[in-house]
Amino acid sequence: MPQVSEQRDPDPGRMQVPQGNPLLLSHSLQELLARDNVQVDLVPEKKGLFLKHVEYEVSSQRFRSSVHRRYNDFVVFRELLLQKFPYRMVPSLPPKRALGADREFIEARRRALKRFINLVARHPPFSEDVVLRLFLSFSGPDVQSKLKESAQCAGDEFLSCKLAPRAKDFLPADIQTQFAVSRELIRNIHNSFYKLRDRAERMASRAIDNAADLLMFGKELSALGSDTTPLPSWAALNSSTWGSLKQALKGLSVEFALLADKAAQQDLCERHEKGVLHKHQRALHKYGLMKRQMSAAVHSREPEAVEQLESRIVEENAIQTMELRNHFSLYCLHQETQLVHVYLPLTSHILGAFVNSQIQGHKEMGKVWNDLKPKLHCLFVGPTSTLTPPRSPRDGLSPQ
């Protein structure tokens, strides 16, 4: 240990955190998931003056809060995020259905809203913004006005981020090439996930239809077993057989109802190209024309031309700001692309849950079918009142 008199300089490697490139995100998937866990649950329906509306209980683990929100509150919240973070990837909201929203639609929308708010709550810049905190914790009567008021005096991320004027310094030299490659990759991933989702929804739809068919099958068996039409005199000899058969059919309808019950058991690049990049290119073209006109004004020295020169200097500053915004847009886009790749490992968890649910569902269906099989013997009554199931046409044939 050094003596008190032996003053040593602090170890720079231990005392100072090295300044890396802020463009590169250091967040792991586990760190993003640990930022917050937001639950979205349906509140029992309330009837308004004319139409009933749906409310959601939104509970945040991070803020230890529980508030009630309507779908329109989510819409206003997302619009403010787009306004404050125009160069970030704000998730989409599920569609709104004005009339005729059934339980299935409401439940699907609840799940989609839960995905939306968790993606926002775990997004590095979004999670530190006051708009998110208000949305998840404000329990006053008019949350929409409170949200709009909080964003009224604040500019967008370009104006509030200290790194925005220097964003160009952190971008790689081949950023345009990386942008094109990244755009194509994310587009392919996006299209594939949409197709997978559509196929999964079709499988779920078929399962629902299968459950409905099994239920109707059981109801028809029950109707057949409950038939009270008297037998004609020539069929009286078989009345006991028909009566036993009807009773068995009626009992089987319960099994098919059980089967039916078992069977019933989750673009930024275009914004950059169409928005900031388009405005930037248009501004550069205008800037070129303005430079030529300014040069002519200086040579002519006319008073009116000088006034126009002064006004165009202001325009030049605006164009330079637009150029800085273009670089900041690419800076944000680069980070959003990194977030996409951070979340990609969730694919394995989603597919694993999907496969396990299919295995469990088929296992439960198989068990019900196996339990049903022995009960079919009561349908086959032979001449000696013994159970004799029909034989296959191949029964009794030799192997040859």
# chains A, B, ... in the order shown; residues from 1 in each chain; ligands from 1
>>> residues_around(residues="range 111-120 of chain A", least_positions_apart="6", cutoff="9 Å", atoms="only C-alpha atoms", output="ChimeraX atom specification")
/A:33,36-41,58,71,74,90-94,126-127,132,266
>>> residues_around(residues="Arg70 in chain A", least_positions_apart="4", cutoff="12 Å", atoms="only C-alpha atoms", output="VMD selection string")
chain A and resid 40 to 43 45 to 46 52 to 58 74 to 77 96 109 to 110 113 135 142 to 144
>>> atom_distance(atom1="CA of Ala151 in chain A", atom2="CA of Leu24 in chain A")
27.8 Å
>>> select_by_dssp(residues="range 21-270 of chain A", states="helix (DSSP H, G or I)", output="VMD selection string")
chain A and resid 29 to 34 71 to 84 103 to 121 124 to 127 130 to 137 143 to 152 157 to 160 164 to 170 175 to 225 233 to 264 268 to 270
>>> residues_around(residues="Lys246 in chain A", least_positions_apart="2", cutoff="12 Å", atoms="only C-alpha atoms", output="list in words")
Glu220, Leu221, Ser222, Ala223, Leu224, Gly225, Ser226, Asp227, Thr228, Thr229, Ser239, Ser240, Thr241, Trp242, Gly243, Ser244, Ala248, Leu249, Lys250, Gly251, Leu252, Ser253, Cys378, Leu379 and Phe380 of chain A
>>> closest_residue(among="A:Tyr343, A:Phe328, A:Trp369, A:Phe354", to="Tyr87 in chain A", atoms="only C-alpha atoms")
A:Phe328
>>> residues_around(residues="Leu23 in chain A", least_positions_apart="4", cutoff="7 Å", atoms="only C-alpha atoms", output="compact mmCIF listing (two decimals) with N, CA, C and O atoms, in the first residue's frame")
# COMPACT_ATOMS: atom_id res chain seq x y z
N PHE A 170 -20.08 10.36 -36.40
CA PHE A 170 -20.14 8.99 -35.90
C PHE A 170 -20.57 7.99 -36.97
O PHE A 170 -20.53 6.78 -36.74
N TYR A 331 -28.33 8.43 -38.41
CA TYR A 331 -27.81 8.03 -37.10
C TYR A 331 -28.88 7.23 -36.33
O TYR A 331 -28.60 6.14 -35.81
N GLN A 335 -29.28 3.01 -35.36
CA GLN A 335 -29.55 2.47 -34.03
C GLN A 335 -30.83 1.62 -34.01
O GLN A 335 -30.88 0.58 -33.34
>>> select_by_dssp(residues="range 34-246 of chain A", states="strand (DSSP E or B)", output="MDAnalysis selection string")
chainID A and resid 38:47 52:60 65:70
>>> atom_distance(atom1="CA of Ser28 in chain A", atom2="CA of His334 in chain A")
16.3 Å
>>> residues_around(residues="range 177-181 of chain A", least_positions_apart="5", cutoff="9 Å", atoms="only C-alpha atoms", output="PyMOL selection string")
chain A and resi 172+186+269+330+333-334
